[in-house]
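Engineer: Supplied structure: model-v6.cif, mmCIF, N, CA and C atoms.
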data_upload
#
loop_
_atom_site.label_atom_id
_atom_site.label_comp_id
_atom_site.auth_asym_id
_atom_site.auth_seq_id
_atom_site.Cartn_x
_atom_site.Cartn_y
_atom_site.Cartn_z
N MET Z 1 10.89 35.96 -5.01
CA MET Z 1 9.66 35.61 -4.32
C MET Z 1 8.70 34.88 -5.26
N MET Z 2 8.58 35.39 -6.48
CA MET Z 2 7.67 34.78 -7.45
C MET Z 2 8.13 33.37 -7.82
N ARG Z 3 9.43 33.18 -7.95
CA ARG Z 3 9.98 31.87 -8.28
C ARG Z 3 9.68 30.87 -7.16
N CYS Z 4 9.81 31.30 -5.93
CA CYS Z 4 9.53 30.45 -4.77
C CYS Z 4 8.04 30.05 -4.76
N LEU Z 5 7.17 30.99 -5.03
CA LEU Z 5 5.73 30.72 -5.05
C LEU Z 5 5.39 29.75 -6.18
N LEU Z 6 5.99 29.93 -7.33
CA LEU Z 6 5.75 29.04 -8.46
C LEU Z 6 6.23 27.61 -8.14
N THR Z 7 7.41 27.49 -7.55
CA THR Z 7 7.94 26.19 -7.17
C THR Z 7 7.02 25.50 -6.17
N PHE Z 8 6.56 26.23 -5.18
CA PHE Z 8 5.65 25.69 -4.18
C PHE Z 8 4.35 25.21 -4.83
N SER Z 9 3.83 25.98 -5.75
CA SER Z 9 2.58 25.61 -6.43
C SER Z 9 2.74 24.33 -7.24
N VAL Z 10 3.84 24.20 -7.95
CA VAL Z 10 4.09 23.00 -8.75
C VAL Z 10 4.24 21.78 -7.85
N LEU Z 11 4.99 21.91 -6.75
CA LEU Z 11 5.17 20.78 -5.84
C LEU Z 11 3.86 20.37 -5.19
N THR Z 12 3.04 21.33 -4.84
CA THR Z 12 1.73 21.04 -4.24
C THR Z 12 0.85 20.31 -5.23
N LEU Z 13 0.85 20.75 -6.47
CA LEU Z 13 0.05 20.11 -7.50
C LEU Z 13 0.51 18.67 -7.72
N CYS Z 14 1.80 18.44 -7.77
CA CYS Z 14 2.33 17.08 -7.96
C CYS Z 14 1.96 16.17 -6.80
N ALA Z 15 2.08 16.66 -5.59
CA ALA Z 15 1.75 15.87 -4.40
C ALA Z 15 0.27 15.54 -4.38
N THR Z 16 -0.58 16.49 -4.72
CA THR Z 16 -2.02 16.27 -4.73
C THR Z 16 -2.39 15.24 -5.79
N THR Z 17 -1.79 15.32 -6.95
CA THR Z 17 -2.06 14.37 -8.02
C THR Z 17 -1.64 12.97 -7.63
N ALA Z 18 -0.49 12.82 -7.01
CA ALA Z 18 0.00 11.50 -6.61
C ALA Z 18 -0.90 10.89 -5.55
N MET Z 19 -1.38 11.67 -4.62
CA MET Z 19 -2.23 11.16 -3.56
C MET Z 19 -3.60 10.76 -4.11
N ALA Z 20 -4.05 11.36 -5.18
CA ALA Z 20 -5.37 11.09 -5.72
C ALA Z 20 -5.41 9.81 -6.55
N GLN Z 21 -4.27 9.23 -6.86
CA GLN Z 21 -4.23 8.04 -7.70
C GLN Z 21 -4.45 6.80 -6.84
N VAL Z 22 -5.70 6.40 -6.75
CA VAL Z 22 -6.06 5.21 -5.98
C VAL Z 22 -6.59 4.18 -6.95
N GLY Z 23 -6.04 2.98 -6.91
CA GLY Z 23 -6.47 1.93 -7.80
C GLY Z 23 -7.76 1.28 -7.31
N PRO Z 24 -8.24 0.31 -8.06
CA PRO Z 24 -9.46 -0.39 -7.65
C PRO Z 24 -9.21 -1.21 -6.39
N PRO Z 25 -10.27 -1.53 -5.67
CA PRO Z 25 -10.12 -2.36 -4.47
C PRO Z 25 -9.54 -3.73 -4.81
N THR Z 26 -8.91 -4.36 -3.85
CA THR Z 26 -8.32 -5.68 -4.08
C THR Z 26 -9.39 -6.68 -4.52
N SER Z 27 -10.63 -6.49 -4.10
CA SER Z 27 -11.71 -7.41 -4.46
C SER Z 27 -12.08 -7.34 -5.94
N GLN Z 28 -11.58 -6.34 -6.65
CA GLN Z 28 -11.86 -6.21 -8.09
C GLN Z 28 -10.70 -6.69 -8.95
N ARG Z 29 -9.65 -7.22 -8.32
CA ARG Z 29 -8.51 -7.79 -9.05
C ARG Z 29 -8.36 -9.24 -8.60
N THR Z 30 -7.73 -10.05 -9.44
CA THR Z 30 -7.49 -11.44 -9.05
C THR Z 30 -6.43 -11.50 -7.96
N CYS Z 31 -6.37 -12.63 -7.30
CA CYS Z 31 -5.37 -12.83 -6.25
C CYS Z 31 -3.97 -12.66 -6.83
N GLY Z 32 -3.74 -13.26 -7.99
CA GLY Z 32 -2.43 -13.17 -8.64
C GLY Z 32 -2.04 -11.75 -8.99
N ALA Z 33 -3.01 -10.96 -9.46
CA ALA Z 33 -2.72 -9.57 -9.83
C ALA Z 33 -2.39 -8.74 -8.59
N ASN Z 34 -3.10 -8.96 -7.50
CA ASN Z 34 -2.80 -8.25 -6.25
C ASN Z 34 -1.41 -8.60 -5.75
N ARG Z 35 -1.10 -9.89 -5.74
CA ARG Z 35 0.20 -10.36 -5.26
C ARG Z 35 1.33 -9.82 -6.14
N GLN Z 36 1.11 -9.84 -7.45
CA GLN Z 36 2.12 -9.34 -8.39
C GLN Z 36 2.40 -7.86 -8.17
N LEU Z 37 1.36 -7.09 -7.86
CA LEU Z 37 1.54 -5.66 -7.60
C LEU Z 37 2.43 -5.44 -6.38
N VAL Z 38 2.19 -6.19 -5.32
CA VAL Z 38 3.00 -6.05 -4.11
C VAL Z 38 4.46 -6.45 -4.40
N MET Z 39 4.64 -7.56 -5.12
CA MET Z 39 5.99 -8.02 -5.43
C MET Z 39 6.73 -7.01 -6.33
N LYS Z 40 6.04 -6.43 -7.27
CA LYS Z 40 6.66 -5.47 -8.20
C LYS Z 40 7.05 -4.17 -7.48
N GLU Z 41 6.14 -3.65 -6.66
CA GLU Z 41 6.37 -2.36 -6.00
C GLU Z 41 7.21 -2.50 -4.73
N GLY Z 42 7.20 -3.65 -4.09
CA GLY Z 42 7.92 -3.82 -2.84
C GLY Z 42 7.09 -3.45 -1.64
N ALA Z 43 6.44 -2.31 -1.71
CA ALA Z 43 5.52 -1.84 -0.66
C ALA Z 43 4.46 -0.99 -1.35
N VAL Z 44 3.21 -1.24 -0.99
CA VAL Z 44 2.12 -0.53 -1.65
C VAL Z 44 0.93 -0.41 -0.69
N VAL Z 45 0.20 0.69 -0.78
CA VAL Z 45 -1.02 0.88 -0.01
C VAL Z 45 -2.18 0.48 -0.91
N LEU Z 46 -3.02 -0.44 -0.43
CA LEU Z 46 -4.13 -0.94 -1.22
C LEU Z 46 -5.46 -0.70 -0.53
N ASP Z 47 -6.48 -0.53 -1.34
CA ASP Z 47 -7.87 -0.39 -0.90
C ASP Z 47 -8.41 -1.79 -0.68
N THR Z 48 -8.76 -2.12 0.56
CA THR Z 48 -9.26 -3.46 0.86
C THR Z 48 -10.74 -3.48 1.20
N GLY Z 49 -11.41 -2.36 1.13
CA GLY Z 49 -12.84 -2.28 1.42
C GLY Z 49 -13.28 -0.84 1.49
N PRO Z 50 -14.54 -0.61 1.76
CA PRO Z 50 -15.04 0.76 1.85
C PRO Z 50 -14.27 1.57 2.91
N SER Z 51 -13.54 2.55 2.47
CA SER Z 51 -12.76 3.43 3.36
C SER Z 51 -11.70 2.67 4.16
N THR Z 52 -11.21 1.55 3.65
CA THR Z 52 -10.20 0.77 4.34
C THR Z 52 -8.97 0.64 3.46
N TYR Z 53 -7.84 1.10 3.96
CA TYR Z 53 -6.58 1.03 3.24
C TYR Z 53 -5.52 0.46 4.16
N ALA Z 54 -4.58 -0.24 3.59
CA ALA Z 54 -3.48 -0.79 4.39
C ALA Z 54 -2.24 -0.88 3.51
N ARG Z 55 -1.08 -0.88 4.17
CA ARG Z 55 0.20 -1.00 3.48
C ARG Z 55 0.65 -2.45 3.51
N TYR Z 56 0.98 -2.97 2.34
CA TYR Z 56 1.44 -4.34 2.21
C TYR Z 56 2.84 -4.34 1.62
N VAL Z 57 3.67 -5.29 2.08
CA VAL Z 57 5.06 -5.35 1.65
C VAL Z 57 5.39 -6.76 1.16
N LYS Z 58 6.44 -6.85 0.32
CA LYS Z 58 6.82 -8.17 -0.21
C LYS Z 58 7.64 -8.98 0.79
N ASN Z 59 8.37 -8.28 1.69
CA ASN Z 59 9.16 -8.98 2.71
C ASN Z 59 9.56 -8.01 3.82
N GLY Z 60 10.22 -8.52 4.83
CA GLY Z 60 10.58 -7.72 6.00
C GLY Z 60 11.55 -6.59 5.73
N SER Z 61 12.25 -6.60 4.60
CA SER Z 61 13.19 -5.51 4.31
C SER Z 61 12.47 -4.20 4.05
N GLU Z 62 11.15 -4.25 3.82
CA GLU Z 62 10.36 -3.04 3.60
C GLU Z 62 9.81 -2.46 4.91
N CYS Z 63 10.04 -3.15 6.02
CA CYS Z 63 9.56 -2.69 7.33
C CYS Z 63 10.62 -1.83 8.01
N LEU Z 64 10.20 -1.04 8.98
CA LEU Z 64 11.13 -0.25 9.78
C LEU Z 64 11.92 -1.16 10.70
N VAL Z 65 12.98 -0.63 11.28
CA VAL Z 65 13.88 -1.43 12.13
C VAL Z 65 13.14 -2.07 13.30
N ASP Z 66 12.20 -1.38 13.91
CA ASP Z 66 11.50 -1.92 15.08
C ASP Z 66 10.21 -2.67 14.71
N GLN Z 67 10.06 -3.03 13.43
CA GLN Z 67 8.88 -3.76 12.97
C GLN Z 67 9.26 -5.13 12.43
N PHE Z 68 8.28 -6.00 12.34
CA PHE Z 68 8.50 -7.32 11.75
C PHE Z 68 7.36 -7.62 10.78
N PRO Z 69 7.63 -8.45 9.77
CA PRO Z 69 6.58 -8.78 8.80
C PRO Z 69 5.60 -9.81 9.36
N GLU Z 70 4.32 -9.58 9.12
CA GLU Z 70 3.28 -10.51 9.53
C GLU Z 70 2.48 -10.89 8.29
N PRO Z 71 2.25 -12.17 8.04
CA PRO Z 71 1.50 -12.58 6.85
C PRO Z 71 0.15 -11.87 6.76
N ALA Z 72 -0.24 -11.51 5.53
CA ALA Z 72 -1.49 -10.76 5.33
C ALA Z 72 -2.30 -11.36 4.18
N TRP Z 73 -3.60 -11.37 4.36
CA TRP Z 73 -4.53 -11.85 3.36
C TRP Z 73 -5.55 -10.76 3.07
N VAL Z 74 -5.99 -10.67 1.82
CA VAL Z 74 -7.00 -9.69 1.41
C VAL Z 74 -8.05 -10.40 0.54
N PRO Z 75 -9.25 -9.82 0.46
CA PRO Z 75 -10.24 -10.38 -0.47
C PRO Z 75 -9.86 -10.04 -1.91
N SER Z 76 -10.02 -10.99 -2.82
CA SER Z 76 -9.78 -10.74 -4.23
C SER Z 76 -10.98 -11.24 -5.02
N SER Z 77 -10.97 -11.01 -6.33
CA SER Z 77 -12.12 -11.41 -7.14
C SER Z 77 -12.28 -12.93 -7.25
N ASN Z 78 -11.20 -13.66 -7.06
CA ASN Z 78 -11.27 -15.12 -7.19
C ASN Z 78 -10.89 -15.88 -5.92
N ASN Z 79 -10.65 -15.16 -4.82
CA ASN Z 79 -10.27 -15.81 -3.57
C ASN Z 79 -10.60 -14.89 -2.40
N PRO Z 80 -11.49 -15.29 -1.51
CA PRO Z 80 -11.85 -14.41 -0.39
C PRO Z 80 -10.72 -14.20 0.62
N GLN Z 81 -9.72 -15.08 0.61
CA GLN Z 81 -8.57 -14.94 1.51
C GLN Z 81 -7.29 -15.17 0.73
N CYS Z 82 -6.90 -14.16 -0.02
CA CYS Z 82 -5.72 -14.21 -0.87
C CYS Z 82 -4.48 -13.77 -0.09
N PHE Z 83 -3.47 -14.66 -0.03
CA PHE Z 83 -2.21 -14.26 0.60
C PHE Z 83 -1.54 -13.26 -0.33
N ILE Z 84 -1.33 -12.04 0.16
CA ILE Z 84 -0.81 -10.96 -0.68
C ILE Z 84 0.64 -10.62 -0.35
N GLY Z 85 1.10 -11.02 0.79
CA GLY Z 85 2.44 -10.66 1.24
C GLY Z 85 2.41 -10.46 2.74
N TYR Z 86 2.91 -9.32 3.17
CA TYR Z 86 3.02 -9.07 4.61
C TYR Z 86 2.60 -7.66 4.96
N ARG Z 87 2.29 -7.46 6.23
CA ARG Z 87 2.08 -6.13 6.79
C ARG Z 87 3.16 -5.95 7.85
N CYS Z 88 3.65 -4.76 7.98
CA CYS Z 88 4.68 -4.47 8.98
C CYS Z 88 3.98 -4.21 10.31
N ARG Z 89 4.39 -4.94 11.30
CA ARG Z 89 3.79 -4.82 12.64
C ARG Z 89 4.84 -4.34 13.62
N ASP Z 90 4.44 -3.44 14.49
CA ASP Z 90 5.35 -2.95 15.52
C ASP Z 90 5.71 -4.06 16.48
N GLY Z 91 6.95 -4.09 16.92
CA GLY Z 91 7.40 -5.10 17.85
C GLY Z 91 6.74 -4.98 19.20
N SER Z 92 6.19 -3.81 19.53
CA SER Z 92 5.56 -3.60 20.83
C SER Z 92 4.09 -3.98 20.83
N ASP Z 93 3.49 -4.32 19.66
CA ASP Z 93 2.07 -4.69 19.60
C ASP Z 93 1.85 -6.01 20.30
N ASP Z 94 0.73 -6.11 20.98
CA ASP Z 94 0.35 -7.36 21.63
C ASP Z 94 -0.43 -8.21 20.64
N PHE Z 95 -0.34 -9.51 20.79
CA PHE Z 95 -1.10 -10.42 19.91
C PHE Z 95 -2.44 -10.68 20.50
#
Please lay out the structure from this file as structure tokens.
Structural biologist:
Amino acid sequence: MMRCLLTFSVLTLCATTAMAQVGPPTSQRTCGANRQLVMKEGAVVLDTGPSTYARYVKNGSECLVDQFPEPAWVPSSNNPQCFIGYRCRDGSDDF
């Protein structure tokens, strides 16, 4: 029982630490740095404004089967409309 409790505590601590790691907003990095981050990670959740977060991907292979990639732009320190990659959009969404 004690081993199970200890394992649970460690896993909870790790999950909490990982969720707390939020980088600076896209507006505080250059367009190239934002784009490079998406390309390096493949898929990443970025802070795009006050209390605004979104998931960006390098290509459609990072989307679910019923989703498609849609071009995405974010504000950066040197470009108000920086092409960063794509967002996965549900096939059932209306335009």
Engineer: If you apply the PyMOL selection byres (((chain Z and resi 39-50 and name CA) around 12) and name CA) to this file, what residues do you get, as a ChimeraX atom specification?
Structural biologist: /Z:19,21-29,32-38,51-64,69,72-77,80-88
Engineer: For the atom pair atom C of Asp66 of chain Z and atom N of Asp90 of chain Z, what is the interatomic distance in Å to one decimal place?
Structural biologist: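 Atom-to-atom, atom C of Asp66 of chain Z and atom N of Asp90 of chain Z are spaced 5.8 Å apart.
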Engineer: What separation in Å, quoted to one decimal, exists between atom CA of Phe68 of chain Z and atom N of Gly91 of chain Z?
Structural biologist: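 Here the two named atoms are 6.3 Å from each other.
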Engineer: So what do you get for atom C of Arg89 of chain Z versus atom C of Val65 of chain Z, distance-wise?
Structural biologist: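 Here the two named atoms are 8.6 Å from each other.
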